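One structure is given below, encoded as structure tokens.
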Amino acid sequence: MMFDHILFNIVFLLVITVGLVSLSRRIHLPPILNYILVGAIVGPYGLELIANEDSIHFLAEFGIVFLLFAIGLEFSLSQMVAMRRMVFGYGGLQVGLTALIVYGLARLLDFSFETSVVMAGAFALSSTAIVIKQLTEQSEIHTRHGRATVGILIFQDIMAIPLLILIPALGMAMAQPEVAAESLTTELGWAFAKGLFVVVVMLLAGRYVLRPLFHEVATAKSQELFTLTVLTVVLAAAAFTEELGISMTLGAFMAGMMLGETEYRHQIEADIRPFQDILLGLFFITVGMMISPDILATHLWVILGVTLGIMLLKGVLIFAVMALFKRPAGVNARTAFSLAQVGEFGLVILTLAINDNLLSETLGQILLTVTVLSMMVTPMMIKYNGRFAQWLFSKSYQSDFAELAHELKEESKFLSNHVVLTGFGRVGQTTAKFLQQAHVPYVALDMDIKRVKEAQQSGEPVFFGDSSKQSLMEATNIHQAKVAIITHHDHHAAMKTLKTLSSIAPDLPVLVRTQDESHLEELLEAGATEVVPDTFEASIMLASHLLMMLGQPPSQVLRLTRQARQDRYSLLSGLYLGETDAIPFDHGQVGQIIQPFDVDDGAWSVGKTLADLPTQSLGVEIKSIKRGSVRGDDPASSTRLRAGDVVIAQGLPESLEKLEAVINTGKF
């Protein structure tokens, strides 16, 4: 039975995919592997249920477009600068060394220059989609090995762009044997020149067109208009680069990067996610259609040997590169286990190379199968990366948190009858405000390094650390604490923290925040004293339960919760914005954040009063001034700033950017 009509093809694929994805979720397999399996089953090398994969290839290409756009949204120039050591140090050395070694081995095996370049580029890259998803689910994305992994992936994603330009250019030159070497160089140079032109145009468009455009669209407060505008920008950028004769993914990436610098990034990401997931699934189905079971059976040992070899090579290189930077062996090992595979960009490069005749059909299918096999074992390698690292480097692994624990222990050793907050996101900060009003001491742990730094800069007792680690939890003086509260939005992180608390302080009351009631019984069985569902009312109830447990008078608790309901929006505003927080779609007070600014020696504002700052015209409120170890809330307008002060302000993100410019230069 064959389906030749494109609509039948797509419907049939979706029906099979839904069934397989539903089944695989029970055994915790990534959806990407299901898509590839569907393609292998229904494609021309499988049951031949679909005669020609070209019927869905056009739609599948848009999956890559949306993937590159989503990666562009996450790519931030400021983030790259902050992580430059990981991005350009770890990432640059890993990609460069892997590509050079693979290229050298391919040439020794008598492969052509073009084939060797394709293999080197494809095998140097890892799976952003699988790795990020798995680390996030395990609450390891903000750990030391998680941040190193993300840094390396950022550089790999950057390098994927020139490779996507290079492969079609190589294919075009190879299709014309009469073209001399200098003509090939000219062709490649012309391709990169066009790529540079696209980058310049998109940078200008992002600054002078996209930001004002989305500001107007957001003002209209129409979800349909916002989504339509996002789709228009993505497809227009892709069409622009394709018209210039280069990969349309470059335009999508640049459009994402420009919009990623705006305050609308998280809303755009949420709107684009359904389109990305579905269309990217179609792409992986077309990849699965290229895999031949006959090739797998015929070249089984070659495929297994290459898969094991490339994963060992990448793992050893990543470990060695990080060791050069004097990172702990346990962190290095966990990063190496997370990134040893070949990723979806490798699939894209190999697919382009097969289509452009840079790889023979047999060799292309062998390399595609190697890539798929390495991706299949990745979730299990990441899931047990801690156990593998502990087994290989037990001494280093045990000492990983020693420095963090020592700092936390020194700061918390005099605390008693205090509250231990795990997670300092929106709910955690809301709860902390209630504790401050009730004059109850607390200490908080959080895994968002940006949020921790800003909170510490403002004088908050917040520390970076994984609350599921026993050494860190004990360093909070947990045995002298009166209550612990878990505010993680991630269920897996909450369960890990609960197990740690149950083992070291089984009699300590523990309050747990959860998004819904689906895990209520599981949390209670794990040792939670109270479980409160999410939403704004949840944060109020959480704080009121907490204050009652601490012995506060019921009348005072009632007064505070009543006041919170009356000032609902003001309580939700003014939070420290971390890397993982979303800025609300609507403008107004709910979208406001708190941000601290240093007053340096040469700043314009030194010697000026708060009245000299244009806070009213910017819609910004100066919440506090921190001078040394003293923090003064609600400072008078006559307060004169000194060098070394920290100005803590509340307002919309774009207004705070302007205030920072005024503090430093006097202009905005």
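By convention here, the chains of the structure tokens are called A, B, ... in the order presented, each chain's residues are numbered starting at 1, and ligands are numbered starting at 1 in the order presented.
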What are the closest atom pairs, with distances in Å to one decimal, for all residues of segment 313-420 of chain A lying within 7 Å of segment 427-448 of chain A? Consider only C-alpha atoms, order rows by chain and residue number, and present the result as JSON lines.
{"residue": "A:His418", "atom": "CA", "partner": "A:Pro441", "partner_atom": "CA", "distance": 5.0}
{"residue": "A:Val419", "atom": "CA", "partner": "A:Tyr442", "partner_atom": "CA", "distance": 4.5}
{"residue": "A:Val420", "atom": "CA", "partner": "A:Val443", "partner_atom": "CA", "distance": 5.2}
Next, the residues of the selection above should be written as a tab-separated table (two decimals), in the first residue's frame with N, CA, C and O atoms.
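out_6.tsv was written with the following content:
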chain	number	residue	atom	x	y	z
A	418	HIS	N	15.56	29.82	61.55
A	418	HIS	CA	15.44	30.51	60.28
A	418	HIS	C	14.70	29.64	59.27
A	418	HIS	O	14.35	28.48	59.55
A	419	VAL	N	14.48	30.18	58.09
A	419	VAL	CA	13.82	29.46	57.01
A	419	VAL	C	14.84	29.20	55.90
A	419	VAL	O	15.60	30.09	55.54
A	420	VAL	N	14.84	28.00	55.38
A	420	VAL	CA	15.70	27.65	54.25
A	420	VAL	C	14.84	27.63	52.99
A	420	VAL	O	13.91	26.83	52.87
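Here the question is which of A:Ala528, A:Val200, A:Met119, A:Ile540 gets nearest to Gly104 of chain A using only C-alpha atoms, and that residue is A:Met119.
The shortest atom-to-atom distance to Met322 of chain A, with only C-alpha atoms taken into account, belongs to A:Thr149 out of A:Thr136, A:Gln341, A:Thr219, A:Thr149.
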- Message: List the spatial neighbours of Leu296 of chain A as number ranges by chain - criterion: any atom at most 8 Å away, only C-alpha atoms, same-chain residues fewer than 6 positions off excluded.
- Response: A: 303, 366, 369
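Here the question is which of A:Ile622, A:Val599, A:Met541, A:Ala160 gets nearest to Thr665 of chain A using only C-alpha atoms, and that residue is A:Val599.
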- Those of segment 289-418 of chain A in DSSP alpha helix (DSSP H), formatted as a ChimeraX atom specification: /A:289,293-298,300-324,329-339,344-355,361-383,385-392,394-398,402-412
- Might you pull out every residue within 12 Å of segment 237-242 of chain A, with only C-alpha atoms counted and same-chain residues fewer than 2 positions away left off, and present them as an MDAnalysis selection string? chainID A and resid 61:66 68:69 165 168 191 194:199 201:203 205:206 210 230:235 244:258
N, CA and C atoms of the current selection, written as a tab-separated table (two decimals), in the first residue's frame:
chain	number	residue	atom	x	y	z
A	61	GLU	N	11.88	21.11	5.67
A	61	GLU	CA	12.93	22.12	5.70
A	61	GLU	C	12.57	23.27	6.65
A	62	PHE	N	11.30	23.56	6.77
A	62	PHE	CA	10.89	24.63	7.67
A	62	PHE	C	11.12	24.24	9.13
A	63	GLY	N	11.18	22.95	9.43
A	63	GLY	CA	11.52	22.54	10.79
A	63	GLY	C	12.91	23.02	11.18
A	64	ILE	N	13.87	22.91	10.25
A	64	ILE	CA	15.22	23.40	10.52
A	64	ILE	C	15.23	24.91	10.63
A	65	VAL	N	14.41	25.56	9.81
A	65	VAL	CA	14.31	27.03	9.88
A	65	VAL	C	13.86	27.46	11.27
A	66	PHE	N	12.83	26.83	11.79
A	66	PHE	CA	12.32	27.20	13.11
A	66	PHE	C	13.28	26.79	14.22
A	68	LEU	N	16.62	26.79	13.98
A	68	LEU	CA	17.66	27.82	13.99
A	68	LEU	C	17.13	29.14	14.55
A	69	PHE	N	15.87	29.45	14.28
A	69	PHE	CA	15.27	30.66	14.83
A	69	PHE	C	15.20	30.57	16.35
A	165	ILE	N	26.59	27.16	5.13
A	165	ILE	CA	26.93	27.93	3.93
A	165	ILE	C	27.94	27.17	3.08
A	168	PRO	N	26.62	23.64	0.64
A	168	PRO	CA	26.08	23.87	-0.71
A	168	PRO	C	27.11	24.42	-1.68
A	191	ALA	N	30.25	33.13	-1.22
A	191	ALA	CA	29.20	32.65	-0.31
A	191	ALA	C	29.34	33.28	1.07
A	194	LYS	N	28.32	36.96	1.00
A	194	LYS	CA	26.87	37.11	1.07
A	194	LYS	C	26.36	36.84	2.48
A	195	GLY	N	27.00	35.86	3.15
A	195	GLY	CA	26.63	35.61	4.54
A	195	GLY	C	26.90	36.81	5.43
A	196	LEU	N	28.04	37.46	5.22
A	196	LEU	CA	28.37	38.67	5.99
A	196	LEU	C	27.39	39.79	5.70
A	197	PHE	N	26.98	39.91	4.43
A	197	PHE	CA	25.98	40.92	4.06
A	197	PHE	C	24.67	40.67	4.79
A	198	VAL	N	24.27	39.40	4.87
A	198	VAL	CA	23.03	39.06	5.58
A	198	VAL	C	23.13	39.44	7.05
A	199	VAL	N	24.28	39.17	7.65
A	199	VAL	CA	24.48	39.50	9.06
A	199	VAL	C	24.33	41.00	9.30
A	201	VAL	N	22.79	43.25	7.38
A	201	VAL	CA	21.41	43.68	7.12
A	201	VAL	C	20.50	43.32	8.29
A	202	MET	N	20.65	42.10	8.82
A	202	MET	CA	19.80	41.67	9.92
A	202	MET	C	20.09	42.44	11.20
A	203	LEU	N	21.35	42.78	11.43
A	203	LEU	CA	21.69	43.59	12.60
A	203	LEU	C	21.02	44.96	12.52
A	205	ALA	N	18.36	45.68	10.68
A	205	ALA	CA	16.90	45.48	10.75
A	205	ALA	C	16.44	45.24	12.18
A	206	GLY	N	17.24	44.48	12.94
A	206	GLY	CA	16.87	44.22	14.33
A	206	GLY	C	16.84	45.49	15.16
A	210	LEU	N	12.83	45.67	13.74
A	210	LEU	CA	12.15	44.61	14.50
A	210	LEU	C	11.73	45.06	15.90
A	230	VAL	N	5.38	37.15	14.25
A	230	VAL	CA	6.54	36.28	14.45
A	230	VAL	C	6.74	35.38	13.24
A	231	LEU	N	5.67	34.73	12.78
A	231	LEU	CA	5.78	33.85	11.62
A	231	LEU	C	6.23	34.61	10.38
A	232	THR	N	5.72	35.82	10.21
A	232	THR	CA	6.11	36.63	9.06
A	232	THR	C	7.59	36.96	9.09
A	233	VAL	N	8.09	37.34	10.26
A	233	VAL	CA	9.51	37.69	10.38
A	233	VAL	C	10.39	36.48	10.10
A	234	VAL	N	10.03	35.32	10.65
A	234	VAL	CA	10.84	34.11	10.44
A	234	VAL	C	10.90	33.75	8.96
A	235	LEU	N	9.74	33.66	8.32
A	235	LEU	CA	9.70	33.23	6.93
A	235	LEU	C	10.29	34.28	6.00
A	244	LEU	N	19.21	35.02	-1.90
A	244	LEU	CA	20.60	35.37	-2.15
A	244	LEU	C	21.44	34.15	-2.50
A	245	GLY	N	20.82	32.96	-2.47
A	245	GLY	CA	21.54	31.76	-2.86
A	245	GLY	C	22.29	31.08	-1.73
A	246	ILE	N	22.00	31.45	-0.47
A	246	ILE	CA	22.62	30.77	0.67
A	246	ILE	C	21.52	30.15	1.52
A	247	SER	N	21.92	29.39	2.53
A	247	SER	CA	20.96	28.64	3.32
A	247	SER	C	19.95	29.57	4.00
A	248	MET	N	18.67	29.20	3.89
A	248	MET	CA	17.64	30.03	4.53
A	248	MET	C	17.70	29.92	6.05
A	249	THR	N	18.42	28.94	6.57
A	249	THR	CA	18.56	28.83	8.02
A	249	THR	C	19.39	29.98	8.60
A	250	LEU	N	20.30	30.55	7.79
A	250	LEU	CA	21.09	31.67	8.28
A	250	LEU	C	20.20	32.87	8.59
A	251	GLY	N	19.26	33.16	7.70
A	251	GLY	CA	18.34	34.26	7.95
A	251	GLY	C	17.49	34.03	9.17
A	252	ALA	N	17.02	32.79	9.35
A	252	ALA	CA	16.20	32.46	10.52
A	252	ALA	C	17.00	32.63	11.80
A	253	PHE	N	18.26	32.19	11.79
A	253	PHE	CA	19.10	32.32	12.98
A	253	PHE	C	19.33	33.79	13.33
A	254	MET	N	19.64	34.60	12.33
A	254	MET	CA	19.89	36.01	12.58
A	254	MET	C	18.63	36.72	13.08
A	255	ALA	N	17.47	36.37	12.52
A	255	ALA	CA	16.23	36.97	12.99
A	255	ALA	C	15.97	36.60	14.44
A	256	GLY	N	16.22	35.34	14.79
A	256	GLY	CA	16.06	34.91	16.18
A	256	GLY	C	17.01	35.63	17.10
A	257	MET	N	18.25	35.81	16.68
A	257	MET	CA	19.24	36.48	17.52
A	257	MET	C	18.85	37.93	17.77
A	258	MET	N	18.34	38.60	16.74
A	258	MET	CA	17.93	40.00	16.90
A	258	MET	C	16.74	40.11	17.85
Can you build me a table of segment 500-544 of chain A residues sitting at most 9 Å from segment 461-474 of chain A, with the closest atom pair per residue and its distance in Å to one decimal, using only C-alpha atoms, sorted by chain and residue number, as JSON lines?
{"residue": "A:Thr500", "atom": "CA", "partner": "A:Ser468", "partner_atom": "CA", "distance": 5.7}
{"residue": "A:Leu501", "atom": "CA", "partner": "A:Met473", "partner_atom": "CA", "distance": 7.8}
{"residue": "A:Ser503", "atom": "CA", "partner": "A:Gln470", "partner_atom": "CA", "distance": 8.7}
{"residue": "A:Ile504", "atom": "CA", "partner": "A:Gln470", "partner_atom": "CA", "distance": 7.5}
- Query: Could you pull the residues within 9 Å of Gln134 of chain A, counting only C-alpha atoms, minus those fewer than 6 positions along the same chain, as a list in words?
  - Reply: Pro30, Glu140, Ile141, Pro379, Ile382 and Lys383 of chain A
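The space separating atom CA of Ala99 of chain A from atom CA of Leu352 of chain A comes to 18.0 Å.
Across the model, the gap from atom CA of Met311 of chain A to atom CA of Ala297 of chain A is 21.1 Å.
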- Query: Separation of atom CA of Thr615 of chain A and atom CA of Pro653 of chain A, in Å?
  - Reply: 13.5 Å
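Nearest-residue note for Asn332 of chain A: choosing from A:Gln595, A:Leu520, A:Asn355, A:His145, the minimum distance belongs to A:His145, counting only C-alpha atoms.
When DSSP reads the backbone of this structure, the residues of segment 418-451 of chain A it assigns to strand (DSSP E or B) are Val419, Val420, Leu421, Thr422, Tyr442, Val443, Ala444, Leu445 and Asp446 of chain A.
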